[in-house]
Amino acid sequence: LPENCLIDSRYPHQLSGGQKQREMIAMAMSCEPLLLIADEPTTALDVTVQKTILHLIRDLQRENNMAVIFITHDLGLVGEIADRVLVMYRGKIVEQSNTAEIFTQPRHPYTRALLACRPVLYAKDERLPVVGDFIAEDLPETDRNNQPAAKNTRRENMPAMVKTVKARDDQPESEIDGTPMLEVKNLKVWFPAKKNIIGRVLDYVKAVDDLSFNVNSGETLGLVGESGCGKTTLGRALLRLLSPTAGSIHFEGRDLMSIPDIEMRKLRKEMQIIFQDPYSSLNPRITIGNAILEPLRVHGMQDTEKHRKEKVIELLEKVKLEPGHFNRYPHEFSGGQRQRICIARALSLNPSFIVCDESVSALDVSVQAQVLNLLSDLKQEFGFTTVFISHDLAVVHYISNRIMVMNKGRIEEIGPAEEVYRHPKREYTQKLIDSMPKGFIGN
């Protein structure tokens with residue numbers, strides 16, 4: 001953790017998601033346990049910190065002869081660290097074997113689905129497969145051998161690692177309008193870090209430090225970097241959910257820094273955000289129908305309450321949920337379903353600009369594939385512009401037209417997604433790529 005002496009005196013809300021996760025890991029490691037149950041310990045961490053944590057767990061394991069149960073949805077990590085793998089589906093262990101066999105000769109259709117759903121295996125013009133492509137969800141849950149019934153498709157007869165999928169109708173590069181929708185110049189977001197006895201600020205945390213870039217109309221700009229580098233702070237500052245310290249933000253030619261609050265409220269229907277955590281971004285006391293309905297009421301969209309409800313039902317169907325879900329509460333849905341609800345809420349006002357803040361980071365690979373496919377489909381239908389924030393370079397490369405790499409509040413590199421991912425110019429970008437989990441070496 002950076003600035004250890006300062007972080008010790010901070011409260012949880014003052015830390016990034018990745019920094020909080022590292023504090024929890026430090027607490028678990030402090031007693032040098034003989035058994036460590038690590039439940040998604042690196043989900044919120046960037047690839048470089050993730051690599052450091054994995055090395056730390058390995059070192060402690062060797063020193064103390066410690067056993068580790070490592071629970072994760074990241075198959076790349078499983079391939080690198082596990083001796084044996086257990087695959088669970090619907091509350092049951094459906095397959096278990098050594099890592100080599102799981103990755104090279106998966107037997108269960110669900111295992112094959114998990115291996116095939118990873119974005120790193122597919123080009124930008126390919127649609128990601130989902131679990132439903134491998135398991136007939138509409139058939140009985142199990143067959144005679146207590147195994148889910150596999151779909152009898154040609155896909156099932158192919159190796160899991162080389163399955164092909166239908167090309168997605170993503171927006172071609174040539175159709176992206178070169179006109180900047182968002183222009184950011186010399187943007188700074190600084191937070192007081194140290195004050196003297198009379199309250200004068202002596203030092204600042206420079207979360208965003210003198211950034212300048214454009215987001216073109218219709219494109220997806222991927223924003224990637226280590227935990228605590230300022231990604232989320234930048235995303236919220238772009239929407240003026242945080243007040244910048246200095247600089248300018250122009251949205252469709254209008255200076256957001258000088259717009260009065262009442263004008264900014266009207267403009268907010270054009271600018272929406274999908275938050276990182278689908279569990280905390282929905283009010284547990286409000287049904288999901290009313291959660292999606294609320295923005296429509298606030299901005300006076302649709303003529304009547306009946307039309308608003310019809311709009312909500314239409315949005316639920318677009319994100320692959322059912323009209324009957326309108327009166328259900330958030331706790332009745334899975335993580336992936338909640339994230340789709342958050343997407344529906346963001347789309348309810350038909351915005352032209354959306355910030356996706358780590359919107360698939362907490363999801364397993366199969367659900368992640370569903371959400372990425374959904375975002376691609378909706379982007380083509382609605383034509384919105386996106387800033388896609390993530391610490392997962394494979395996901396950012398898959399979904400973005402351009403990639404911007406951040407480090408300690410500054411831009412390290414920005415360019416076309418394929419160029420930055422395949423031929424990085426900066427050492428820091430190469431370090432992020434080298435730290436990505438490569439999966440089982442036999443791949």
# chains A, B, ... in the order shown; residues from 1 in each chain; ligands from 1
>>> residues_around(residues="region 76-78 of chain A", least_positions_apart="5", cutoff="10 Å", atoms="only C-alpha atoms", output="ChimeraX atom specification")
/A:42,50-51,54,70-71,83-85,99,103,115,118,120,436-440
>>> closest_atom_pairs(of="region 344-368 of chain A", to="region 287-304 of chain A", cutoff="8 Å", atoms="only C-alpha atoms", output="tab-separated table")
residue	atom	partner	partner_atom	distance
A:Ala344	CA	A:Ile292	CA	6.8
A:Arg345	CA	A:Ile292	CA	4.5
A:Ser348	CA	A:Ile292	CA	6.7
A:Leu349	CA	A:Leu296	CA	6.6
>>> atom_distance(atom1="CA of Thr233 (chain A)", atom2="CA of Phe388 (chain A)")
13.3 Å
>>> residues_around(residues="Arg265 (chain A)", least_positions_apart="3", cutoff="12 Å", atoms="only C-alpha atoms", output="list in words")
Leu239, Arg240, Leu241, Leu256, Ile259, Pro260, Asp261, Ile262, Arg268, Lys269, Glu270, Met271, Gln272, Pro295, Val298 and His299 of chain A
>>> write_last_selection(atoms="C-alpha atoms", output="PDB file, in the first residue's frame")
ATOM      1  CA  LEU A 239     -20.098  13.687 -14.512  1.00  0.00           C
ATOM      2  CA  ARG A 240     -19.446  16.392 -11.907  1.00  0.00           C
ATOM      3  CA  LEU A 241     -20.363  14.018  -9.096  1.00  0.00           C
ATOM      4  CA  LEU A 256     -19.607  21.751 -17.090  1.00  0.00           C
ATOM      5  CA  ILE A 259     -22.998  25.486 -15.512  1.00  0.00           C
ATOM      6  CA  PRO A 260     -25.315  26.396 -12.580  1.00  0.00           C
ATOM      7  CA  ASP A 261     -26.629  23.488 -10.515  1.00  0.00           C
ATOM      8  CA  ILE A 262     -30.176  23.820 -11.880  1.00  0.00           C
ATOM      9  CA  ARG A 268     -27.769  14.862 -16.115  1.00  0.00           C
ATOM     10  CA  LYS A 269     -30.304  12.906 -18.136  1.00  0.00           C
ATOM     11  CA  GLU A 270     -27.689  12.918 -20.922  1.00  0.00           C
ATOM     12  CA  MET A 271     -24.928  11.641 -18.602  1.00  0.00           C
ATOM     13  CA  GLN A 272     -25.300   8.467 -16.548  1.00  0.00           C
ATOM     14  CA  PRO A 295     -35.179   8.811 -12.905  1.00  0.00           C
ATOM     15  CA  VAL A 298     -37.365  13.118 -11.546  1.00  0.00           C
ATOM     16  CA  HIS A 299     -36.810  14.319 -15.111  1.00  0.00           C
TER      17      HIS A 299
END
>>> atom_distance(atom1="CA of Pro351 (chain A)", atom2="CA of Arg402 (chain A)")
20.7 Å
>>> residues_around(residues="Thr385 (chain A)", least_positions_apart="2", cutoff="7 Å", atoms="only C-alpha atoms", output="number ranges by chain")
A: 217-220, 352-354, 383
>>> select_by_dssp(residues="region 352-419 of chain A", states="strand (DSSP E or B)", output="mmCIF file with N, CA, C and O atoms, in the first residue's frame")
data_model
loop_
_atom_site.group_PDB
_atom_site.id
_atom_site.type_symbol
_atom_site.label_atom_id
_atom_site.label_comp_id
_atom_site.auth_asym_id
_atom_site.auth_seq_id
_atom_site.Cartn_x
_atom_site.Cartn_y
_atom_site.Cartn_z
ATOM 1 N N PHE A 353 -24.208 9.674 -23.039
ATOM 2 C CA PHE A 353 -22.886 9.401 -22.482
ATOM 3 C C PHE A 353 -23.029 8.609 -21.189
ATOM 4 O O PHE A 353 -23.803 8.986 -20.303
ATOM 5 N N ILE A 354 -22.311 7.472 -21.093
ATOM 6 C CA ILE A 354 -22.380 6.615 -19.901
ATOM 7 C C ILE A 354 -20.969 6.283 -19.429
ATOM 8 O O ILE A 354 -20.101 5.934 -20.231
ATOM 9 N N VAL A 355 -20.754 6.389 -18.119
ATOM 10 C CA VAL A 355 -19.513 5.930 -17.493
ATOM 11 C C VAL A 355 -19.790 4.572 -16.855
ATOM 12 O O VAL A 355 -20.666 4.450 -15.994
ATOM 13 N N CYS A 356 -19.077 3.541 -17.310
ATOM 14 C CA CYS A 356 -19.180 2.203 -16.720
ATOM 15 C C CYS A 356 -17.998 2.018 -15.777
ATOM 16 O O CYS A 356 -16.867 1.811 -16.223
ATOM 17 N N ASP A 357 -18.249 2.116 -14.480
ATOM 18 C CA ASP A 357 -17.168 2.076 -13.490
ATOM 19 C C ASP A 357 -17.010 0.656 -12.949
ATOM 20 O O ASP A 357 -17.738 0.241 -12.052
ATOM 21 N N THR A 385 -22.203 6.978 -26.083
ATOM 22 C CA THR A 385 -20.749 7.030 -25.955
ATOM 23 C C THR A 385 -20.382 6.544 -24.561
ATOM 24 O O THR A 385 -21.107 6.818 -23.599
ATOM 25 N N THR A 386 -19.268 5.825 -24.432
ATOM 26 C CA THR A 386 -18.944 5.181 -23.155
ATOM 27 C C THR A 386 -17.497 5.426 -22.743
ATOM 28 O O THR A 386 -16.586 5.379 -23.574
ATOM 29 N N VAL A 387 -17.310 5.680 -21.448
ATOM 30 C CA VAL A 387 -15.998 5.547 -20.815
ATOM 31 C C VAL A 387 -16.074 4.292 -19.962
ATOM 32 O O VAL A 387 -16.850 4.240 -19.002
ATOM 33 N N PHE A 388 -15.309 3.274 -20.335
ATOM 34 C CA PHE A 388 -15.381 1.968 -19.677
ATOM 35 C C PHE A 388 -14.160 1.806 -18.770
ATOM 36 O O PHE A 388 -13.041 1.630 -19.239
ATOM 37 N N ILE A 389 -14.403 1.869 -17.453
ATOM 38 C CA ILE A 389 -13.330 1.812 -16.464
ATOM 39 C C ILE A 389 -13.165 0.379 -15.970
ATOM 40 O O ILE A 389 -14.146 -0.266 -15.587
ATOM 41 N N SER A 390 -11.945 -0.123 -15.970
ATOM 42 C CA SER A 390 -11.697 -1.476 -15.481
ATOM 43 C C SER A 390 -10.209 -1.653 -15.200
ATOM 44 O O SER A 390 -9.374 -0.932 -15.744
ATOM 45 N N ARG A 402 -10.629 2.750 -28.092
ATOM 46 C CA ARG A 402 -9.326 3.275 -27.667
ATOM 47 C C ARG A 402 -9.111 2.938 -26.197
ATOM 48 O O ARG A 402 -10.072 2.733 -25.455
ATOM 49 N N ILE A 403 -7.850 2.895 -25.785
ATOM 50 C CA ILE A 403 -7.506 2.620 -24.384
ATOM 51 C C ILE A 403 -6.660 3.766 -23.849
ATOM 52 O O ILE A 403 -5.723 4.230 -24.515
ATOM 53 N N MET A 404 -7.004 4.225 -22.644
ATOM 54 C CA MET A 404 -6.197 5.216 -21.932
ATOM 55 C C MET A 404 -5.679 4.571 -20.652
ATOM 56 O O MET A 404 -6.468 4.051 -19.862
ATOM 57 N N VAL A 405 -4.378 4.589 -20.469
ATOM 58 C CA VAL A 405 -3.744 3.973 -19.303
ATOM 59 C C VAL A 405 -3.393 5.068 -18.306
ATOM 60 O O VAL A 405 -2.726 6.049 -18.656
ATOM 61 N N MET A 406 -3.850 4.888 -17.050
ATOM 62 C CA MET A 406 -3.568 5.872 -15.989
ATOM 63 C C MET A 406 -2.586 5.307 -14.974
ATOM 64 O O MET A 406 -2.593 4.117 -14.680
ATOM 65 N N ASN A 407 -1.751 6.195 -14.437
ATOM 66 C CA ASN A 407 -0.794 5.820 -13.395
ATOM 67 C C ASN A 407 -0.586 7.013 -12.480
ATOM 68 O O ASN A 407 -0.165 8.082 -12.929
ATOM 69 N N ARG A 410 -2.077 10.382 -13.579
ATOM 70 C CA ARG A 410 -1.670 10.936 -14.875
ATOM 71 C C ARG A 410 -1.882 9.924 -15.995
ATOM 72 O O ARG A 410 -1.988 8.722 -15.746
ATOM 73 N N ILE A 411 -1.916 10.423 -17.230
ATOM 74 C CA ILE A 411 -2.044 9.551 -18.389
ATOM 75 C C ILE A 411 -0.670 9.026 -18.775
ATOM 76 O O ILE A 411 0.261 9.801 -19.035
ATOM 77 N N GLU A 412 -0.550 7.690 -18.807
ATOM 78 C CA GLU A 412 0.692 7.062 -19.248
ATOM 79 C C GLU A 412 0.704 6.875 -20.768
ATOM 80 O O GLU A 412 1.724 7.074 -21.414
ATOM 81 N N GLU A 413 -0.450 6.463 -21.294
ATOM 82 C CA GLU A 413 -0.515 6.135 -22.718
ATOM 83 C C GLU A 413 -1.964 6.152 -23.164
ATOM 84 O O GLU A 413 -2.866 5.794 -22.410
ATOM 85 N N ILE A 414 -2.195 6.597 -24.403
ATOM 86 C CA ILE A 414 -3.534 6.573 -24.974
ATOM 87 C C ILE A 414 -3.410 6.296 -26.470
ATOM 88 O O ILE A 414 -2.503 6.801 -27.134
ATOM 89 N N GLY A 415 -4.299 5.428 -26.975
ATOM 90 C CA GLY A 415 -4.230 5.080 -28.387
ATOM 91 C C GLY A 415 -5.263 4.031 -28.744
ATOM 92 O O GLY A 415 -6.058 3.599 -27.891
ATOM 93 N N PRO A 416 -5.301 3.589 -30.007
ATOM 94 C CA PRO A 416 -6.234 2.534 -30.426
ATOM 95 C C PRO A 416 -6.050 1.285 -29.573
ATOM 96 O O PRO A 416 -4.926 0.930 -29.199
#
>>> closest_residue(among="A:Leu202, A:Leu374, A:Glu314, A:Val224", to="Pro129 (chain A)", atoms="only C-alpha atoms")
A:Leu374
>>> select_by_dssp(residues="region 234-413 of chain A", states="helix (DSSP H, G or I)", output="ChimeraX atom specification")
/A:234-238,261-270,288-298,305-318,323-327,330-332,335-347,365-382,393-399
>>> residues_around(residues="Gly225 (chain A)", least_positions_apart="2", cutoff="9 Å", atoms="only C-alpha atoms", output="list in words")
Asp46, Val47, Leu223, Ser227, Gly228, Cys229, Gly230, Lys231, Ile389, Ser390, His391, Asp392, Leu393, Met404, Val405, Met406, Asn407, Lys408, Thr429 and Leu432 of chain A
>>> write_last_selection(atoms="N, CA, C and O atoms", output="CSV table (one decimal), in the first residue's frame")
chain,number,residue,atom,x,y,z
A,46,ASP,N,-6.0,-4.6,-9.2
A,46,ASP,CA,-5.5,-4.6,-10.5
A,46,ASP,C,-4.4,-5.7,-10.6
A,46,ASP,O,-4.1,-6.4,-9.7
A,47,VAL,N,-4.0,-6.0,-11.9
A,47,VAL,CA,-3.2,-7.1,-12.1
A,47,VAL,C,-1.8,-7.1,-11.5
A,47,VAL,O,-1.3,-8.2,-11.0
A,223,LEU,N,-10.6,2.9,-19.9
A,223,LEU,CA,-9.8,3.5,-18.9
A,223,LEU,C,-9.2,2.4,-18.0
A,223,LEU,O,-10.0,1.8,-17.3
A,227,SER,N,-5.1,-0.1,-9.0
A,227,SER,CA,-6.0,0.3,-8.0
A,227,SER,C,-5.4,1.6,-7.4
A,227,SER,O,-4.2,1.7,-7.0
A,228,GLY,N,-6.3,2.6,-7.2
A,228,GLY,CA,-5.9,3.9,-6.5
A,228,GLY,C,-5.2,4.8,-7.5
A,228,GLY,O,-4.7,5.9,-7.0
A,229,CYS,N,-5.2,4.5,-8.8
A,229,CYS,CA,-4.6,5.4,-9.8
A,229,CYS,C,-5.4,6.6,-10.1
A,229,CYS,O,-5.0,7.6,-10.8
A,230,GLY,N,-6.7,6.6,-9.7
A,230,GLY,CA,-7.6,7.8,-10.0
A,230,GLY,C,-8.7,7.5,-11.0
A,230,GLY,O,-9.4,8.4,-11.4
A,231,LYS,N,-8.9,6.2,-11.4
A,231,LYS,CA,-9.8,5.9,-12.5
A,231,LYS,C,-11.3,6.3,-12.1
A,231,LYS,O,-12.0,7.0,-12.8
A,389,ILE,N,-14.4,1.9,-17.5
A,389,ILE,CA,-13.3,1.8,-16.5
A,389,ILE,C,-13.2,0.4,-16.0
A,389,ILE,O,-14.1,-0.3,-15.6
A,390,SER,N,-11.9,-0.1,-16.0
A,390,SER,CA,-11.7,-1.5,-15.5
A,390,SER,C,-10.2,-1.7,-15.2
A,390,SER,O,-9.4,-0.9,-15.7
A,391,HIS,N,-9.9,-2.6,-14.3
A,391,HIS,CA,-8.5,-3.0,-14.1
A,391,HIS,C,-8.2,-4.3,-14.9
A,391,HIS,O,-7.0,-4.7,-14.9
A,392,ASP,N,-9.2,-4.8,-15.7
A,392,ASP,CA,-9.0,-6.0,-16.5
A,392,ASP,C,-8.7,-5.6,-17.9
A,392,ASP,O,-9.5,-5.2,-18.7
A,393,LEU,N,-7.4,-5.7,-18.3
A,393,LEU,CA,-7.0,-5.3,-19.6
A,393,LEU,C,-7.6,-6.1,-20.7
A,393,LEU,O,-7.9,-5.6,-21.8
A,404,MET,N,-7.0,4.2,-22.6
A,404,MET,CA,-6.2,5.2,-21.9
A,404,MET,C,-5.7,4.6,-20.7
A,404,MET,O,-6.5,4.1,-19.9
A,405,VAL,N,-4.4,4.6,-20.5
A,405,VAL,CA,-3.7,4.0,-19.3
A,405,VAL,C,-3.4,5.1,-18.3
A,405,VAL,O,-2.7,6.0,-18.7
A,406,MET,N,-3.9,4.9,-17.1
A,406,MET,CA,-3.6,5.9,-16.0
A,406,MET,C,-2.6,5.3,-15.0
A,406,MET,O,-2.6,4.1,-14.7
A,407,ASN,N,-1.8,6.2,-14.4
A,407,ASN,CA,-0.8,5.8,-13.4
A,407,ASN,C,-0.6,7.0,-12.5
A,407,ASN,O,-0.2,8.1,-12.9
A,408,LYS,N,-0.9,6.9,-11.2
A,408,LYS,CA,-0.8,7.9,-10.2
A,408,LYS,C,-1.4,9.2,-10.6
A,408,LYS,O,-0.8,10.3,-10.5
A,429,THR,N,2.7,0.3,-19.2
A,429,THR,CA,1.6,-0.5,-19.9
A,429,THR,C,2.1,-1.9,-20.1
A,429,THR,O,1.3,-2.8,-19.9
A,432,LEU,N,1.7,-3.9,-16.9
A,432,LEU,CA,0.3,-4.3,-16.7
A,432,LEU,C,0.0,-5.5,-17.5
A,432,LEU,O,-0.6,-6.5,-17.0
>>> residues_around(residues="region 179-196 of chain A", least_positions_apart="3", cutoff="6 Å", atoms="only C-alpha atoms", output="PyMOL selection string")
chain A and resi 199-217+244-252
>>> closest_residue(among="A:Gly79, A:Ala394, A:Val367, A:Glu427", to="Val130 (chain A)", atoms="only C-alpha atoms")
A:Val367
>>> atom_distance(atom1="CA of Leu128 (chain A)", atom2="CA of Ala369 (chain A)")
5.8 Å
>>> residues_around(residues="Pro278 (chain A)", least_positions_apart="6", cutoff="7 Å", atoms="only C-alpha atoms", output="list of chain:residue names")
A:Gly335, A:Arg338, A:Gln339, A:Cys342
>>> write_last_selection(atoms="all heavy atoms", output="JSON list (two decimals), in the first residue's frame")
[["chain", "number", "residue", "atom", "x", "y", "z"],
["A", 335, "GLY", "N", -25.99, -11.40, -8.68],
["A", 335, "GLY", "CA", -25.13, -10.26, -8.98],
["A", 335, "GLY", "C", -25.23, -9.81, -10.43],
["A", 335, "GLY", "O", -25.30, -8.61, -10.72],
["A", 338, "ARG", "N", -28.55, -8.07, -10.97],
["A", 338, "ARG", "CA", -28.54, -6.73, -10.39],
["A", 338, "ARG", "C", -27.79, -5.75, -11.29],
["A", 338, "ARG", "O", -28.19, -4.59, -11.43],
["A", 338, "ARG", "CB", -27.89, -6.75, -9.00],
["A", 338, "ARG", "CG", -28.70, -7.47, -7.95],
["A", 338, "ARG", "CD", -28.12, -7.26, -6.59],
["A", 338, "ARG", "NE", -28.49, -8.35, -5.68],
["A", 338, "ARG", "CZ", -28.37, -8.30, -4.37],
["A", 338, "ARG", "NH1", -27.89, -7.23, -3.80],
["A", 338, "ARG", "NH2", -28.71, -9.33, -3.63],
["A", 339, "GLN", "N", -26.69, -6.23, -11.86],
["A", 339, "GLN", "CA", -25.94, -5.34, -12.73],
["A", 339, "GLN", "C", -26.75, -4.98, -13.96],
["A", 339, "GLN", "O", -26.70, -3.86, -14.46],
["A", 339, "GLN", "CB", -24.61, -5.99, -13.13],
["A", 339, "GLN", "CG", -23.57, -5.03, -13.70],
["A", 339, "GLN", "CD", -23.17, -3.94, -12.73],
["A", 339, "GLN", "OE1", -23.92, -3.00, -12.49],
["A", 339, "GLN", "NE2", -21.99, -4.07, -12.15],
["A", 342, "CYS", "N", -29.07, -2.29, -13.01],
["A", 342, "CYS", "CA", -28.36, -1.00, -12.98],
["A", 342, "CYS", "C", -28.17, -0.45, -14.39],
["A", 342, "CYS", "O", -28.25, 0.76, -14.61],
["A", 342, "CYS", "CB", -27.01, -1.15, -12.30],
["A", 342, "CYS", "SG", -27.10, -1.53, -10.53]]
